[in-house]
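Source file: upload_28.cif (mmCIF, C-alpha atoms)
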data_upload
loop_
_atom_site.label_atom_id
_atom_site.label_comp_id
_atom_site.auth_asym_id
_atom_site.auth_seq_id
_atom_site.Cartn_x
_atom_site.Cartn_y
_atom_site.Cartn_z
CA MET G 1 18.59 -0.63 20.92
CA ASN G 2 17.42 2.95 21.18
CA GLU G 3 17.36 3.15 17.40
CA ILE G 4 14.87 0.31 17.22
CA PHE G 5 12.50 2.07 19.62
CA LEU G 6 12.84 5.25 17.60
CA LEU G 7 12.21 3.39 14.34
CA ALA G 8 9.22 1.54 15.85
CA PHE G 9 7.83 4.86 17.02
CA GLU G 10 8.34 6.43 13.59
CA TYR G 11 6.72 3.41 11.98
CA MET G 12 3.77 3.61 14.35
CA LYS G 13 3.27 7.22 13.24
CA ILE G 14 3.43 6.07 9.60
CA GLY G 15 0.89 3.33 10.37
CA ALA G 16 -1.45 5.99 11.75
CA VAL G 17 -1.42 8.24 8.65
CA ALA G 18 -0.55 6.09 5.60
CA ILE G 19 -3.85 5.68 3.75
CA GLY G 20 -4.44 3.43 0.77
CA GLY G 21 -2.10 0.47 1.01
CA GLY G 22 1.59 -0.34 0.95
CA TYR G 23 2.72 2.21 -1.64
CA THR G 24 1.58 5.06 0.58
CA VAL G 25 4.42 4.18 2.95
CA ILE G 26 7.04 5.08 0.33
CA PRO G 27 6.94 8.89 0.77
CA PHE G 28 7.47 8.36 4.50
CA LEU G 29 10.51 6.21 3.79
CA TYR G 30 12.04 9.15 1.93
CA TYR G 31 11.24 11.27 4.95
CA LEU G 32 13.07 8.76 7.17
CA VAL G 33 16.10 8.86 4.84
CA ASP G 34 16.29 12.63 5.18
CA LYS G 35 15.89 12.56 8.92
CA TYR G 36 17.89 9.60 10.19
CA LYS G 37 20.22 8.17 7.49
CA TRP G 38 19.41 4.61 8.51
CA PHE G 39 19.41 3.63 4.84
CA ASP G 40 19.80 5.49 1.54
CA VAL G 41 17.58 6.30 -1.43
CA SER G 42 18.80 3.44 -3.62
CA GLU G 43 17.96 0.99 -0.85
CA ILE G 44 14.35 2.15 -0.92
CA THR G 45 13.86 1.03 -4.52
CA GLN G 46 15.66 -2.21 -3.65
CA MET G 47 13.16 -2.73 -0.82
CA ILE G 48 10.20 -2.05 -3.10
CA ALA G 49 11.49 -4.47 -5.73
CA ILE G 50 12.14 -7.26 -3.23
CA SER G 51 8.79 -6.64 -1.52
CA ASN G 52 7.11 -7.15 -4.87
CA LEU G 53 8.89 -10.47 -5.39
CA THR G 54 8.14 -11.90 -1.94
CA PRO G 55 4.76 -13.08 -0.65
CA GLY G 56 2.61 -10.97 1.65
CA PRO G 57 1.44 -7.35 1.80
CA ILE G 58 4.10 -4.94 0.49
CA GLY G 59 3.81 -2.68 3.53
CA ILE G 60 4.70 -5.54 5.87
CA ASN G 61 7.57 -6.61 3.61
CA MET G 62 9.00 -3.10 3.70
CA ALA G 63 8.50 -2.63 7.44
CA THR G 64 10.32 -5.92 8.09
CA PHE G 65 13.08 -4.94 5.67
CA VAL G 66 13.71 -1.60 7.38
CA GLY G 67 13.48 -3.30 10.78
CA VAL G 68 15.99 -6.05 9.95
CA LYS G 69 18.36 -3.45 8.56
CA VAL G 70 18.30 -1.27 11.66
CA GLY G 71 17.72 -3.78 14.45
CA GLY G 72 18.08 -7.40 13.30
CA VAL G 73 15.42 -10.11 13.29
CA LEU G 74 13.97 -9.33 16.71
CA GLY G 75 13.93 -5.61 16.02
CA SER G 76 12.06 -6.13 12.78
CA ALA G 77 9.29 -8.05 14.57
CA PHE G 78 8.99 -5.09 16.90
CA VAL G 79 8.80 -2.57 14.05
CA THR G 80 6.27 -4.63 12.07
CA ILE G 81 3.97 -4.94 15.07
CA ALA G 82 4.30 -1.24 15.87
CA PHE G 83 3.31 -0.50 12.29
CA MET G 84 0.05 -2.45 12.62
CA ILE G 85 -1.04 -1.12 16.03
CA PRO G 86 -2.73 2.16 14.92
CA SER G 87 -4.74 0.54 12.14
CA PHE G 88 -5.73 -2.27 14.50
CA PHE G 89 -7.36 0.19 16.88
CA ILE G 90 -8.95 2.13 14.03
CA VAL G 91 -10.40 -1.02 12.47
CA MET G 92 -11.71 -2.31 15.80
CA PHE G 93 -13.34 1.04 16.48
CA LEU G 94 -14.86 1.20 13.00
CA ALA G 95 -16.04 -2.43 13.04
CA LYS G 96 -17.97 -1.75 16.26
CA PHE G 97 -19.19 1.60 14.95
CA LEU G 98 -20.36 0.06 11.66
CA LYS G 99 -22.59 -2.37 13.48
CA LYS G 100 -24.73 0.64 14.44
CA ASN G 101 -24.53 3.05 11.48
CA SER G 102 -22.97 2.31 8.15
CA ASP G 103 -22.53 5.69 6.47
CA ASN G 104 -21.13 8.66 8.36
CA PRO G 105 -20.78 12.03 6.54
CA LEU G 106 -18.07 13.29 8.91
CA ILE G 107 -15.77 10.35 8.22
CA ASN G 108 -16.56 10.55 4.51
CA ASN G 109 -15.55 14.22 4.45
CA ILE G 110 -12.25 13.63 6.23
CA MET G 111 -11.41 10.84 3.78
CA TYR G 112 -12.44 13.09 0.92
CA GLY G 113 -9.72 15.56 1.99
CA LEU G 114 -7.13 12.91 2.83
CA ARG G 115 -7.09 10.90 -0.36
CA PRO G 116 -5.91 13.55 -2.85
CA ALA G 117 -3.02 14.38 -0.51
CA ALA G 118 -2.04 10.71 -0.30
CA VAL G 119 -2.14 10.43 -4.10
CA ALA G 120 0.08 13.51 -4.50
CA LEU G 121 2.63 12.09 -2.05
CA ILE G 122 2.78 8.76 -3.88
CA GLY G 123 3.19 10.61 -7.18
CA VAL G 124 6.13 12.62 -5.88
CA ALA G 125 7.76 9.40 -4.62
CA GLY G 126 7.48 7.88 -8.10
CA LEU G 127 8.89 11.00 -9.77
CA LYS G 128 11.79 11.03 -7.32
CA ILE G 129 12.92 7.60 -8.48
CA MET G 130 12.57 8.76 -12.08
CA THR G 131 14.82 11.77 -11.52
CA HIS G 132 17.71 9.66 -10.32
CA THR G 133 17.40 6.82 -12.84
CA VAL G 134 16.15 8.29 -16.13
CA PHE G 135 16.69 12.04 -15.88
CA HIS G 136 19.93 13.29 -14.39
CA LEU G 137 19.14 16.89 -13.57
CA ASN G 138 22.30 17.47 -11.51
CA LYS G 139 24.62 16.34 -14.27
CA PHE G 140 22.71 18.44 -16.83
CA MET G 141 23.13 21.56 -14.70
CA GLN G 142 26.90 21.09 -14.82
CA THR G 143 27.39 20.21 -18.48
CA HIS G 144 24.29 21.63 -20.22
CA LYS G 145 24.31 18.73 -22.68
CA ILE G 146 20.93 17.21 -23.44
CA LEU G 147 22.51 13.73 -23.66
CA ASP G 148 23.58 14.03 -20.07
CA PHE G 149 20.04 14.92 -19.06
CA ILE G 150 18.28 11.84 -20.40
CA SER G 151 19.75 8.38 -20.17
CA LEU G 152 18.53 6.99 -23.50
CA LYS G 153 18.54 3.29 -22.56
CA ALA G 154 16.73 4.06 -19.34
CA PHE G 155 14.19 6.14 -21.21
CA ILE G 156 13.44 3.30 -23.64
CA LEU G 157 12.99 0.96 -20.68
CA LEU G 158 10.70 3.54 -19.07
CA VAL G 159 8.43 3.60 -22.13
CA PHE G 160 8.50 -0.20 -22.34
CA PHE G 161 7.60 -0.63 -18.66
CA THR G 162 4.81 1.94 -18.93
CA PHE G 163 3.32 -0.03 -21.79
CA MET G 164 3.65 -3.40 -20.01
CA GLY G 165 2.43 -1.93 -16.75
CA LEU G 166 -0.75 -0.66 -18.38
CA LYS G 167 -1.22 -4.01 -20.09
CA PHE G 168 -0.82 -6.10 -16.93
CA ARG G 169 -2.36 -3.74 -14.42
CA LYS G 170 -3.76 -6.49 -12.22
CA ASN G 171 -0.46 -8.25 -11.86
CA PRO G 172 2.52 -6.08 -10.84
CA MET G 173 4.72 -9.17 -10.41
CA ILE G 174 5.03 -9.46 -14.20
CA LEU G 175 6.73 -6.07 -14.38
CA ILE G 176 9.24 -6.99 -11.70
CA VAL G 177 10.04 -10.36 -13.27
CA LEU G 178 10.51 -8.66 -16.67
CA ALA G 179 12.87 -6.14 -15.09
CA VAL G 180 14.95 -8.92 -13.49
CA ILE G 181 15.25 -10.73 -16.85
CA LEU G 182 16.15 -7.51 -18.72
CA GLY G 183 18.68 -6.67 -16.01
CA PHE G 184 20.79 -9.62 -17.15
CA PHE G 185 21.15 -8.15 -20.66
CA VAL G 186 20.92 -4.37 -20.41
CA LYS G 187 23.70 -2.43 -18.79
CA LEU G 188 22.59 1.01 -17.70
CA SER G 189 25.65 2.66 -16.21
CA MET F 190 -23.88 -13.56 -8.11
CA GLN F 191 -26.32 -16.40 -7.31
CA GLN F 192 -23.96 -17.71 -4.72
CA ASN F 193 -23.69 -14.34 -3.01
CA CYS F 194 -27.42 -14.20 -2.50
CA ASN F 195 -27.41 -17.70 -1.03
CA SER F 196 -24.65 -16.96 1.45
CA LYS F 197 -26.46 -13.82 2.50
CA THR F 198 -29.50 -15.76 3.64
CA ASN F 199 -27.30 -18.07 5.64
CA ASP F 200 -27.80 -16.36 8.98
CA LYS F 201 -26.45 -19.04 11.25
CA MET F 202 -22.68 -18.78 11.00
CA LYS F 203 -20.76 -21.65 12.48
CA LYS F 204 -18.10 -20.67 14.99
CA ILE F 205 -14.62 -21.08 13.65
CA SER F 206 -11.58 -21.82 15.83
CA LEU F 207 -8.92 -19.13 16.17
CA LEU F 208 -6.26 -21.54 14.93
CA LYS F 209 -8.30 -22.29 11.82
CA LEU F 210 -8.78 -18.56 11.25
CA PHE F 211 -5.05 -17.98 11.61
CA TRP F 212 -4.32 -20.81 9.18
CA ILE F 213 -6.77 -19.47 6.56
CA PHE F 214 -5.14 -16.05 6.63
CA PHE F 215 -1.63 -17.51 6.73
CA LYS F 216 -2.44 -19.29 3.48
CA ILE F 217 -3.81 -16.07 1.98
CA GLY F 218 -0.67 -14.17 3.05
CA LEU F 219 1.46 -16.84 1.42
CA VAL F 220 -0.07 -16.39 -2.04
CA LEU F 221 -0.51 -12.62 -1.84
CA PHE F 222 1.93 -11.01 -4.25
CA GLY F 223 1.91 -7.34 -5.08
CA GLY F 224 -0.38 -4.94 -3.31
CA GLY F 225 -3.34 -5.55 -1.07
CA TYR F 226 -5.59 -5.30 -4.10
CA ALA F 227 -4.89 -8.97 -4.76
CA ILE F 228 -6.50 -10.15 -1.52
CA LEU F 229 -10.14 -9.92 -2.57
CA PRO F 230 -10.46 -13.08 -4.73
CA PHE F 231 -8.73 -15.18 -2.04
CA LEU F 232 -10.92 -13.74 0.68
CA LYS F 233 -14.02 -14.54 -1.35
CA ALA F 234 -12.90 -18.13 -1.90
CA GLU F 235 -12.07 -18.79 1.77
CA MET F 236 -14.37 -16.64 3.89
CA VAL F 237 -17.45 -16.36 1.68
CA ASP F 238 -17.63 -19.55 -0.37
CA LYS F 239 -15.91 -22.08 1.85
CA GLU F 240 -16.39 -21.01 5.47
CA LYS F 241 -19.49 -18.84 4.93
CA ILE F 242 -18.43 -16.38 7.63
CA CYS F 243 -18.95 -13.18 5.66
CA THR F 244 -21.23 -12.32 2.77
CA MET F 245 -19.73 -11.00 -0.45
CA GLU F 246 -21.38 -7.66 0.25
CA GLU F 247 -19.64 -7.39 3.61
CA VAL F 248 -16.25 -8.33 2.20
CA THR F 249 -16.44 -5.67 -0.53
CA ASN F 250 -17.56 -3.10 2.04
CA TYR F 251 -14.54 -3.96 4.21
CA TYR F 252 -12.35 -3.64 1.15
CA ALA F 253 -13.66 -0.18 0.18
CA LEU F 254 -13.38 1.03 3.77
CA SER F 255 -9.87 -0.34 4.16
CA GLN F 256 -8.69 1.82 1.29
CA CYS F 257 -9.97 4.90 3.09
CA ILE F 258 -8.43 4.35 6.53
CA PRO F 259 -4.78 4.33 7.64
CA GLY F 260 -2.83 1.11 7.39
CA LEU F 261 -2.44 -1.63 4.83
CA VAL F 262 -5.44 -2.61 2.73
CA ALA F 263 -4.71 -6.33 3.10
CA GLY F 264 -4.15 -6.02 6.86
CA ASN F 265 -7.28 -3.96 7.40
CA VAL F 266 -9.52 -6.24 5.35
CA SER F 267 -8.20 -9.24 7.30
CA MET F 268 -8.90 -7.53 10.61
CA PHE F 269 -12.45 -6.64 9.58
CA SER F 270 -13.27 -10.19 8.51
CA GLY F 271 -11.48 -11.69 11.51
CA TYR F 272 -13.54 -9.44 13.76
CA LYS F 273 -16.71 -10.59 12.03
CA ALA F 274 -15.77 -14.22 12.73
CA ARG F 275 -14.49 -14.13 16.31
CA GLY F 276 -14.38 -10.55 17.61
CA ILE F 277 -11.13 -8.92 18.69
CA ALA F 278 -9.28 -12.24 19.14
CA GLY F 279 -10.36 -13.21 15.64
CA ALA F 280 -9.06 -9.95 14.21
CA LEU F 281 -5.69 -10.55 15.88
CA ALA F 282 -5.50 -14.13 14.59
CA ALA F 283 -6.34 -12.96 11.06
CA VAL F 284 -3.84 -10.10 10.95
CA PHE F 285 -1.01 -12.21 12.38
CA GLY F 286 -1.82 -14.90 9.85
CA VAL F 287 -1.74 -12.57 6.88
CA CYS F 288 1.45 -10.76 7.97
CA LEU F 289 3.58 -13.71 9.08
CA PRO F 290 4.52 -15.01 5.59
CA ALA F 291 5.58 -11.49 4.55
CA TYR F 292 7.73 -11.16 7.66
CA LEU F 293 9.40 -14.55 7.31
CA ALA F 294 10.04 -14.05 3.58
CA ILE F 295 11.95 -10.80 4.16
CA VAL F 296 13.95 -12.18 7.10
CA ILE F 297 15.06 -15.08 4.89
CA VAL F 298 15.83 -12.87 1.86
CA PHE F 299 17.77 -10.45 4.03
CA ALA F 300 20.05 -13.23 5.25
CA PHE F 301 21.25 -13.72 1.67
CA ILE F 302 21.15 -10.19 0.32
CA ASN F 303 24.63 -9.09 1.36
CA ALA F 304 26.14 -12.20 -0.20
CA ILE F 305 24.54 -11.58 -3.60
CA MET F 306 24.77 -7.77 -3.78
CA GLY F 307 28.52 -7.94 -4.44
CA TYR F 308 28.05 -9.22 -8.00
CA PRO F 309 27.99 -6.41 -10.59
CA PHE F 310 25.15 -7.99 -12.60
CA ILE F 311 22.95 -7.91 -9.49
CA GLN F 312 23.60 -4.16 -9.25
CA ASN F 313 22.59 -3.92 -12.87
CA ILE F 314 19.36 -5.80 -12.27
CA PHE F 315 18.49 -3.43 -9.48
CA GLU F 316 19.07 -0.44 -11.74
CA VAL F 317 16.55 -1.81 -14.23
CA LEU F 318 14.24 -2.66 -11.34
CA ASP F 319 14.35 1.00 -10.26
CA ILE F 320 12.63 2.00 -13.49
CA ALA F 321 10.01 -0.76 -13.22
CA VAL F 322 9.31 0.23 -9.63
CA CYS F 323 8.80 3.89 -10.49
CA ILE F 324 6.28 2.87 -13.17
CA LEU F 325 4.49 0.67 -10.62
CA ILE F 326 4.22 3.62 -8.25
CA LEU F 327 2.93 5.97 -10.94
CA LEU F 328 0.38 3.36 -12.05
CA THR F 329 -0.86 3.22 -8.47
CA VAL F 330 -1.41 6.96 -8.71
CA LEU F 331 -3.49 6.38 -11.84
CA GLU F 332 -5.51 3.71 -10.04
CA LEU F 333 -6.27 5.94 -7.07
CA TRP F 334 -6.88 9.00 -9.23
CA GLU F 335 -10.45 8.45 -10.36
CA PHE F 336 -11.98 8.17 -6.92
CA SER F 337 -9.62 10.62 -5.21
CA ILE F 338 -9.39 13.67 -7.44
CA PHE F 339 -12.62 14.65 -9.16
CA ASP F 340 -13.61 18.23 -8.26
CA LYS F 341 -12.22 21.65 -7.32
CA PHE F 342 -11.69 20.86 -3.66
CA THR F 343 -9.82 17.61 -4.26
CA SER F 344 -7.76 19.14 -7.09
CA PHE F 345 -6.78 21.98 -4.80
CA ILE F 346 -5.61 19.56 -2.10
CA PHE F 347 -3.76 17.48 -4.69
CA VAL F 348 -1.85 20.47 -6.09
CA SER F 349 -1.00 21.90 -2.66
CA ALA F 350 0.16 18.51 -1.40
CA LEU F 351 2.30 18.11 -4.52
CA VAL F 352 3.96 21.51 -4.07
CA THR F 353 4.51 21.18 -0.31
CA SER F 354 5.93 17.70 -0.79
CA VAL F 355 8.42 18.88 -3.43
CA ILE F 356 9.70 21.60 -1.08
CA LYS F 357 10.23 18.85 1.52
CA ILE F 358 7.54 19.56 4.07
CA SER F 359 7.04 16.53 6.29
CA PRO F 360 4.44 14.12 4.83
CA PHE F 361 2.85 13.82 8.28
CA ILE F 362 2.03 17.52 8.25
CA ILE F 363 0.66 17.31 4.69
CA VAL F 364 -1.63 14.37 5.40
CA ILE F 365 -2.91 15.74 8.70
CA SER F 366 -3.63 19.20 7.25
CA ALA F 367 -5.50 17.59 4.35
CA GLY F 368 -7.63 15.70 6.87
CA ILE F 369 -8.31 18.92 8.79
CA LEU F 370 -9.36 20.66 5.55
CA GLY F 371 -11.82 17.83 4.90
CA LEU F 372 -13.12 18.23 8.43
CA LEU F 373 -13.52 22.00 8.01
CA ARG F 374 -15.35 21.45 4.78
CA HIS F 375 -17.79 19.20 6.61
CA PHE F 376 -18.73 22.02 8.95
CA VAL F 377 -18.65 24.86 6.41
CA PHE F 378 -20.67 23.05 3.71
CA PRO F 379 -22.57 20.42 5.65
CA LYS F 380 -24.96 19.62 2.81
CA SER F 381 -22.53 19.32 -0.08
CA LYS F 382 -23.05 16.21 -2.15
CA SER F 383 -19.59 15.48 -3.51
CA ALA F 384 -18.24 14.02 -0.30
CA LYS F 385 -20.67 11.16 -0.59
CA SER F 386 -19.34 10.17 -3.97
CA CYS F 387 -15.84 9.71 -2.62
CA GLY F 388 -16.10 5.95 -3.02
CA CYS F 389 -15.52 5.43 0.67
CA SER F 390 -18.48 3.29 1.54
CA ASN F 391 -20.87 3.91 -1.30
CA ASN F 392 -22.42 1.11 -3.28
CA GLU F 393 -21.06 2.21 -6.62
CA ASN F 394 -17.55 1.32 -5.59
CA THR F 395 -18.46 -2.00 -4.05
CA ASN F 396 -20.38 -3.00 -7.15
CA ASN F 397 -17.35 -2.29 -9.30
CA ASN F 398 -15.19 -4.48 -7.13
CA GLU F 399 -17.72 -7.25 -7.27
CA GLY F 400 -17.78 -7.05 -11.04
CA GLU F 401 -14.02 -7.40 -11.18
CA ILE F 402 -14.03 -10.57 -9.13
CA ASN F 403 -16.72 -12.14 -11.21
CA ASN F 404 -14.73 -11.41 -14.31
CA GLU F 405 -11.80 -13.29 -12.92
#
With the file now loaded, output its structure as structure tokens.
Amino acid sequence: MNEIFLLAFEYMKIGAVAIGGGYTVIPFLYYLVDKYKWFDVSEITQMIAISNLTPGPIGINMATFVGVKVGGVLGSAFVTIAFMIPSFFIVMFLAKFLKKNSDNPLINNIMYGLRPAAVALIGVAGLKIMTHTVFHLNKFMQTHKILDFISLKAFILLVFFTFMGLKFRKNPMILIVLAVILGFFVKLS
Amino acid sequence: MQQNCNSKTNDKMKKISLLKLFWIFFKIGLVLFGGGYAILPFLKAEMVDKEKICTMEEVTNYYALSQCIPGLVAGNVSMFSGYKARGIAGALAAVFGVCLPAYLAIVIVFAFINAIMGYPFIQNIFEVLDIAVCILILLTVLELWEFSIFDKFTSFIFVSALVTSVIKISPFIIVISAGILGLLRHFVFPKSKSAKSCGCSNNENTNNNEGEINNE
């Protein structure tokens, strides 16, 4: 039970700083993995994939997923609500504030500093997944063979998904569905 | 575009019941796949065209703002439009509506996940999914790039955040220090222009979004 309160508290902190939608939560999930060992790195990508295949905002999907994993159905409701509390207060404050003045230079300047940091964090999260699926740096350090460094099949898939992702930018579901279909035929490890 | 102008002149908004508001957003949450970026066309159809609670201009403003503040884009946009309709109670009804399908979907999926994860081909699928997911994340970076990193100051923050993140400094510290740097900049260079073009609440950004919807 204590774990659920701790997770809800951590998620409330994430809800207060994660700017720019569901994917911004991902770097914080890696942070949780390092700190608490409630789940592992491979489960994060599993969560992201399932969140993409299920209806609703990805951030809520992931919060519920982490919550169910640590504290069951009731616990996940608790975590999901905790996640939304900070932004609820911020939005209510802003909505009232915006009735009076619509463009505030102070807020603009804070956002101007915040966004590049958020983008960098998301980028690192993406690269992290790449280093344990396509490029195996650890194995390369041991054997010093270039074939051990790059998994060729995975690299071809990477190029293919980049191409398809750029083509269907508005619809990320297509990429996930393609990956599920390919998963039936391609064996990676 | 014609329609937007018409709904703008419609000053008398009818009062909508909280249950109706909840139901509208529940339906939106049910069809919302992928990120919060997908919410805008649904919001336009329900809140602007059908119920005439918000104008298109307001909805796009909410959307731009929601990308700049903490929390989920879809959740924030729903709260803004719910607030417009029925105040704080309306915001609560809207955000519960939009989140409930996501919550229920995961609870149901989770009940089955342990049963299916034992099959080796499922493991295989998830390995391929890993690669797709990492591309999705990097494409998000590309999407956010153009209105996040565009001058020396933002490039500096981007590079420092990248380095500090790789050496495993807590993301909370990184985000909060970036916000403080933005704040400092406000007081050191109060008249600098670039902050205004951050796409936070400027018209350029909202116009782009509007164009996208009309294309669809």
So what does the PyMOL selection byres ((chain F and resi 336-350) around 9) actually pick up in this one, as an mmCIF file with C-alpha atoms, in the coordinates of the input?
data_model
loop_
_atom_site.group_PDB
_atom_site.id
_atom_site.type_symbol
_atom_site.label_atom_id
_atom_site.label_comp_id
_atom_site.auth_asym_id
_atom_site.auth_seq_id
_atom_site.Cartn_x
_atom_site.Cartn_y
_atom_site.Cartn_z
ATOM 1 C CA TYR G 112 -12.440 13.090 0.920
ATOM 2 C CA GLY G 113 -9.720 15.560 1.990
ATOM 3 C CA LEU G 114 -7.130 12.910 2.830
ATOM 4 C CA ARG G 115 -7.090 10.900 -0.360
ATOM 5 C CA PRO G 116 -5.910 13.550 -2.850
ATOM 6 C CA ALA G 117 -3.020 14.380 -0.510
ATOM 7 C CA ALA G 118 -2.040 10.710 -0.300
ATOM 8 C CA VAL G 119 -2.140 10.430 -4.100
ATOM 9 C CA ALA G 120 0.080 13.510 -4.500
ATOM 10 C CA LEU G 121 2.630 12.090 -2.050
ATOM 11 C CA GLU F 332 -5.510 3.710 -10.040
ATOM 12 C CA LEU F 333 -6.270 5.940 -7.070
ATOM 13 C CA TRP F 334 -6.880 9.000 -9.230
ATOM 14 C CA GLU F 335 -10.450 8.450 -10.360
ATOM 15 C CA LEU F 351 2.300 18.110 -4.520
ATOM 16 C CA VAL F 352 3.960 21.510 -4.070
ATOM 17 C CA THR F 353 4.510 21.180 -0.310
ATOM 18 C CA SER F 354 5.930 17.700 -0.790
ATOM 19 C CA VAL F 355 8.420 18.880 -3.430
ATOM 20 C CA PRO F 360 4.440 14.120 4.830
ATOM 21 C CA ILE F 363 0.660 17.310 4.690
ATOM 22 C CA VAL F 364 -1.630 14.370 5.400
ATOM 23 C CA ALA F 367 -5.500 17.590 4.350
ATOM 24 C CA LEU F 370 -9.360 20.660 5.550
ATOM 25 C CA SER F 383 -19.590 15.480 -3.510
ATOM 26 C CA SER F 386 -19.340 10.170 -3.970
ATOM 27 C CA CYS F 387 -15.840 9.710 -2.620
ATOM 28 C CA GLY F 388 -16.100 5.950 -3.020
ATOM 29 C CA CYS F 389 -15.520 5.430 0.670
ATOM 30 C CA ASN F 394 -17.550 1.320 -5.590
#
Å distance separating CA of Ile326 in chain F from CA of Thr54 in chain G, one decimal place: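 Here the two named atoms are 17.2 Å from each other.
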Quick one: distance from CA of Ile228 in chain F to CA of Phe214 in chain F in Å, one decimal?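 Computed distance, CA of Ile228 in chain F to CA of Phe214 in chain F, equals 10.2 Å.
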For a test of reading the model, state the distance in Å between CA of Phe361 in chain F and CA of Ala125 in chain G, rounded to one decimal.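 These two atoms are separated by 14.5 Å.
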Compare F:Cys323, F:Leu289, F:Ile302, F:Val377 by their minimum atom-to-atom distance to Lys69 in chain G, counting all atoms listed in the file, and give me the closest one. F:Ile302
Let me know the centre plus edge lengths, in Å and rounded to one decimal, of a box with edges along x, y and z that contains all listed atoms of range 24-42 of chain G and is padded by 4 Å on every side, as AutoDock Vina command-line options.
--center_x 10.9 --center_y 8.0 --center_z 3.3 --size_x 26.6 --size_y 17.2 --size_z 21.8
Place a sphere of radius 10 Å on (13.4, 10.4, -13.0) in the file coordinates and name every protein, DNA or RNA residue with an atom inside or on its surface, counting only C-alpha atoms; give the answer as a PyMOL selection string. (chain G and resi 126-137+150-151+154-155+158) or (chain F and resi 319-320+323)
When you count all atoms listed in the file, which of these residues is closest to Phe163 in chain G: F:Ile258, F:Val330, F:Leu325, F:Ile365?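 Smallest distance to Phe163 in chain G is found for F:Leu325.
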Using all atoms listed in the file, which residues sit within 10 Å of Leu29 in chain G once same-chain residues fewer than 2 positions away are excluded, as a list in words? Tyr11, Ile14, Thr24, Val25, Ile26, Pro27, Tyr31, Leu32, Val33, Asp34, Lys35, Phe39, Asp40, Val41, Ile44, Met62, Ala63, Val66 and Ala125 of chain G
Would you kindly translate the PyMOL selection byres ((chain F and resi 259) around 8) into the concrete residues it picks from this file, as number ranges by chain? G: 15-20, 86-87, 90; F: 255-258, 260-261
Hey, what comes out of the PyMOL selection byres ((chain F and resi 285) around 12) on this file? Could you write it as a ChimeraX atom specification? /G:56-57,60,77,80-81,84-85,88 /F:207-208,210-218,263-265,267-268,271,278-284,286-293
